[in-house]
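S.K.: Pasting a structure here, questions to come.
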Amino acid sequence: MKAKRMLSNRRQAILQTLSMGAFALPGMSALADAPSSSGRMVLVFLRGAYDGLSMLVPHGDERYSQIRPNIGIPKPDGTQKTALALDATFGLHPACAALLPLWQQGVLAAIPCAGSPDASRSHFDAQYHWETGKPGSSSPSAGWLNVLSGMVGNGVGLHALGVGESSPRILSGPRPVQLVGNGLSATRAGTLAESKTREAVLQLYAGNEKMASAMLEGANNRMSTAAMLKTPSMASSNEQQAANNGAGSPQGLALDAKHLGTLMQQNRQLRLGFLSSGGWDTHINQGNVTGLLANNLSNLANTLIQLRAAFNEPNDVVIVASEFGRTCAENGTRGTDHGRGNVMWLLGNRIQGGKWHGRWDGLAQNQLNEGRDLPVHHDFRGVFAQALAASLGLTKASVADVFPGFRWDDSLDGIFKA
């Protein structure tokens with residue numbers, strides 16, 4: 001009888017906590033103590049290997065139009081039907097016209113030949129390497145953003161947020177993280193928001209306090225997130241959800257970005273954000289100025305504009321990456337196949353923007369990896385390492401704890417302003 005009374009009291013206390021609006025996200029009590037200048041880093045990961053040579057168009061290389069007669073983006077002529085000139089070497093895909101002012105303002109930059117030192121062209125393997133920060137290793141490992149979250153704020157509290165995927169590898173590990181669903185699902189409180197359902201589920205967990213607490217913690221997080229995000233403007237969105245190996249579609253990425261920005265602005269303890277989308281594996285009918293890829297790039301540009309609005313403080317940085325690049329030449333089905341090096345993008349006030357960084361040797365066949373792909377002149381970890389130091393204040397020694405075995409790339413030291 002006493003055990004029943006104790007269980008009932010505990011259940012009532014938990015239900016009262018929920019009903020009284022324990023809707024504050026973890027860490028919200030420390031909001032006032034969070035320094036406003038704390039840098040935040042957001043990674044946008046494009047699953048499927050996006051075609052960087054269509055977004056950052058090497059119009060200054062005559063071979064580009066020769067090896068891409070159908071899918072190449074025409075040389076700049078001042079119209080929206082050609083590449084938008086950035087300099088004598090590169091231009092921007094016209095679907096990304098919204099990003100041109102950011103380039104001109106000096107807050108957007110590109111690294112044209114970045115990637116993994118591992119030669120795998122398998123989506124599964126390459127994504128695993130990127131997300132664990134351990135190229136070439138398939139052994140079980142925590143995601144590097146999870147490792148990093150344990151180093152931010154002296155390892156105390158919740159510091160990482162993922163929007164879109166249910167369990168991205170990059171956030172998996174021993175550190176607590178917050179995960180929010182794709183698109184409009186993030187604004188739905190779920191079945192446990194109804195008191196009778198919660199009561200029934202609690203009865204199922206009677207006698208197992210640990211399981212009951214875990215279930216209620218998850219339910220509370222989902223309800224608090226939904227309550228925060230469910231504003232009139234968001235509720236009226238027509239965003240349609242889609243999935244690509246657990247990631248949302250490019251069409252839904254901007255809404256996910258809006259949710260991520262809202263949550264990280266509300267909770268300043270969250271300093272690491274992760275977004276992803278699928279739909280970038282363009283083997284067939286890739287298109288050029290218009291078409292499948294152009295539509296995806298337009299959605300990506302809108303996403304970056306959304307993120308720029310939310311993350312524009314001095315040390316904030318947004319990074320765009322993909323697991324590998326695509327072949328420099330188009331294939332027989334007017335698409336591109338799996339390649340090696342690719343273009344990474346950085347956005348933020350401390351970026352030495354309005355320019356590209358690193359090594360670029362052009363598209364001559366003898367300059368390409370195996371005569372077909374962009375080479376990897378810069379390890380992707382080298383780009384992230386620059387951001388970890390400039391935005392989050394990590395030392396080179398600390399970066400080595402995030403990326404074991406990585407050697408600092410001095411040639412990228414000019415990406416960020418001192």
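Going by the structure tokens order, chains are called A, B, ..., each with residues numbered from 1, while ligands are numbered from 1 in the order shown.
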With a distance cut-off of 7 Å and only C-alpha atoms, select the neighbouring residues of stretch 162-175 of chain A, excluding the residue or stretch itself and same-chain residues fewer than 4 positions from it, and output the selection as a PDB file with N, CA and C atoms, in the first residue's frame.

M.R.:
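Final file, selection_31.pdb:
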ATOM      1  N   GLU A 131      31.250  12.460 -40.024  1.00  0.00           N
ATOM      2  CA  GLU A 131      30.490  12.697 -38.796  1.00  0.00           C
ATOM      3  C   GLU A 131      31.235  12.267 -37.538  1.00  0.00           C
ATOM      4  N   THR A 132      32.164  11.338 -37.680  1.00  0.00           N
ATOM      5  CA  THR A 132      32.986  10.968 -36.528  1.00  0.00           C
ATOM      6  C   THR A 132      34.294  11.748 -36.509  1.00  0.00           C
ATOM      7  N   ALA A 142      31.955   8.084 -31.246  1.00  0.00           N
ATOM      8  CA  ALA A 142      31.008   9.181 -31.027  1.00  0.00           C
ATOM      9  C   ALA A 142      31.131  10.186 -32.154  1.00  0.00           C
ATOM     10  N   GLY A 143      30.070  10.916 -32.417  1.00  0.00           N
ATOM     11  CA  GLY A 143      30.121  11.989 -33.397  1.00  0.00           C
ATOM     12  C   GLY A 143      30.968  13.141 -32.873  1.00  0.00           C
ATOM     13  N   TRP A 144      31.657  13.829 -33.766  1.00  0.00           N
ATOM     14  CA  TRP A 144      32.594  14.852 -33.283  1.00  0.00           C
ATOM     15  C   TRP A 144      31.875  16.075 -32.704  1.00  0.00           C
ATOM     16  N   LEU A 145      30.646  16.353 -33.131  1.00  0.00           N
ATOM     17  CA  LEU A 145      29.907  17.441 -32.492  1.00  0.00           C
ATOM     18  C   LEU A 145      29.498  17.060 -31.066  1.00  0.00           C
ATOM     19  N   ASN A 146      29.278  15.771 -30.834  1.00  0.00           N
ATOM     20  CA  ASN A 146      28.988  15.321 -29.484  1.00  0.00           C
ATOM     21  C   ASN A 146      30.218  15.477 -28.599  1.00  0.00           C
ATOM     22  N   SER A 149      30.635  19.105 -27.856  1.00  0.00           N
ATOM     23  CA  SER A 149      29.660  19.643 -26.909  1.00  0.00           C
ATOM     24  C   SER A 149      30.101  19.421 -25.471  1.00  0.00           C
ATOM     25  N   GLY A 150      30.919  18.386 -25.245  1.00  0.00           N
ATOM     26  CA  GLY A 150      31.443  18.139 -23.914  1.00  0.00           C
ATOM     27  C   GLY A 150      32.574  19.066 -23.533  1.00  0.00           C
ATOM     28  N   LEU A 179      17.348  17.054 -29.872  1.00  0.00           N
ATOM     29  CA  LEU A 179      16.994  16.714 -31.243  1.00  0.00           C
ATOM     30  C   LEU A 179      15.555  17.122 -31.508  1.00  0.00           C
ATOM     31  N   VAL A 180      15.328  17.755 -32.645  1.00  0.00           N
ATOM     32  CA  VAL A 180      14.010  18.267 -33.024  1.00  0.00           C
ATOM     33  C   VAL A 180      13.670  17.728 -34.406  1.00  0.00           C
ATOM     34  N   GLY A 181      12.424  17.343 -34.618  1.00  0.00           N
ATOM     35  CA  GLY A 181      12.012  16.715 -35.869  1.00  0.00           C
ATOM     36  C   GLY A 181      12.017  17.648 -37.067  1.00  0.00           C
ATOM     37  N   ASN A 182      11.791  17.046 -38.242  1.00  0.00           N
ATOM     38  CA  ASN A 182      11.729  17.794 -39.497  1.00  0.00           C
ATOM     39  C   ASN A 182      10.516  18.699 -39.546  1.00  0.00           C
ATOM     40  N   GLY A 246      17.123   9.485 -43.699  1.00  0.00           N
ATOM     41  CA  GLY A 246      16.974  10.129 -42.406  1.00  0.00           C
ATOM     42  C   GLY A 246      17.048  11.632 -42.439  1.00  0.00           C
ATOM     43  N   ALA A 247      17.472  12.196 -43.554  1.00  0.00           N
ATOM     44  CA  ALA A 247      17.569  13.652 -43.665  1.00  0.00           C
ATOM     45  C   ALA A 247      16.376  14.190 -44.426  1.00  0.00           C
ATOM     46  N   GLY A 248      16.008  15.422 -44.168  1.00  0.00           N
ATOM     47  CA  GLY A 248      14.900  16.051 -44.856  1.00  0.00           C
ATOM     48  C   GLY A 248      15.274  16.463 -46.267  1.00  0.00           C
ATOM     49  N   ASP A 256      13.557  24.100 -41.268  1.00  0.00           N
ATOM     50  CA  ASP A 256      14.384  23.537 -40.208  1.00  0.00           C
ATOM     51  C   ASP A 256      15.363  24.581 -39.684  1.00  0.00           C
ATOM     52  N   LEU A 260      15.794  25.950 -35.904  1.00  0.00           N
ATOM     53  CA  LEU A 260      17.080  25.927 -35.219  1.00  0.00           C
ATOM     54  C   LEU A 260      17.456  27.315 -34.713  1.00  0.00           C
ATOM     55  N   GLY A 273      24.928  23.829 -33.657  1.00  0.00           N
ATOM     56  CA  GLY A 273      23.717  23.450 -34.361  1.00  0.00           C
ATOM     57  C   GLY A 273      24.019  22.581 -35.564  1.00  0.00           C
ATOM     58  N   PHE A 274      23.102  21.670 -35.877  1.00  0.00           N
ATOM     59  CA  PHE A 274      23.289  20.769 -37.023  1.00  0.00           C
ATOM     60  C   PHE A 274      22.002  20.658 -37.822  1.00  0.00           C
ATOM     61  N   LEU A 275      22.137  20.856 -39.142  1.00  0.00           N
ATOM     62  CA  LEU A 275      21.040  20.690 -40.101  1.00  0.00           C
ATOM     63  C   LEU A 275      21.530  19.801 -41.236  1.00  0.00           C
ATOM     64  N   SER A 276      20.622  19.081 -41.861  1.00  0.00           N
ATOM     65  CA  SER A 276      21.025  18.308 -43.037  1.00  0.00           C
ATOM     66  C   SER A 276      19.848  18.147 -43.979  1.00  0.00           C
TER      67      SER A 276
END

S.K.: Could you give me, as a PyMOL selection string, the residues within 9 Å of A:Gly72, counting only C-alpha atoms and dropping anything in the same chain fewer than 3 positions from it?

M.R.: chain A and resi 53-54+57+64-69+287-289+330

S.K.: What would the file look like if the residues just selected were written as a compact mmCIF listing (two decimals), in the first residue's frame with C-alpha atoms?

M.R.:
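Here's the written file selection.txt:
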# COMPACT_ATOMS: atom_id res chain seq x y z
CA LEU A 53 31.16 23.05 -59.48
CA SER A 54 27.62 24.15 -60.23
CA VAL A 57 31.24 27.96 -61.13
CA TYR A 64 34.63 23.79 -67.75
CA SER A 65 32.28 24.32 -70.71
CA GLN A 66 34.07 21.61 -72.70
CA ILE A 67 33.54 18.87 -70.13
CA ARG A 68 30.03 20.07 -69.24
CA PRO A 69 28.40 20.88 -72.58
CA GLY A 287 20.03 20.41 -65.05
CA ASN A 288 22.01 23.63 -65.38
CA VAL A 289 20.57 27.12 -64.83
CA GLU A 330 29.11 15.33 -66.98

S.K.: Pick the closest to A:Leu388 from A:Asp337, A:Asp316, A:Glu370, A:Asp87: which is it, counting only C-alpha atoms?

M.R.: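 Of all the options, A:Asp316 lies closest to A:Leu388.
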
S.K.: For stretch 98-124 of chain A against stretch 396-411 of chain A, with a cut-off of 12 Å and counting only C-alpha atoms, what is the closest atom pair and its distance in Å to one decimal for every residue that makes the cut, ordered by chain and number, as CSV?

M.R.:
residue,atom,partner,partner_atom,distance
A:Ile111,CA,A:Ser411,CA,11.4
A:Ala114,CA,A:Asp409,CA,11.6
A:Ser116,CA,A:Phe406,CA,11.5
A:Pro117,CA,A:Phe406,CA,10.7
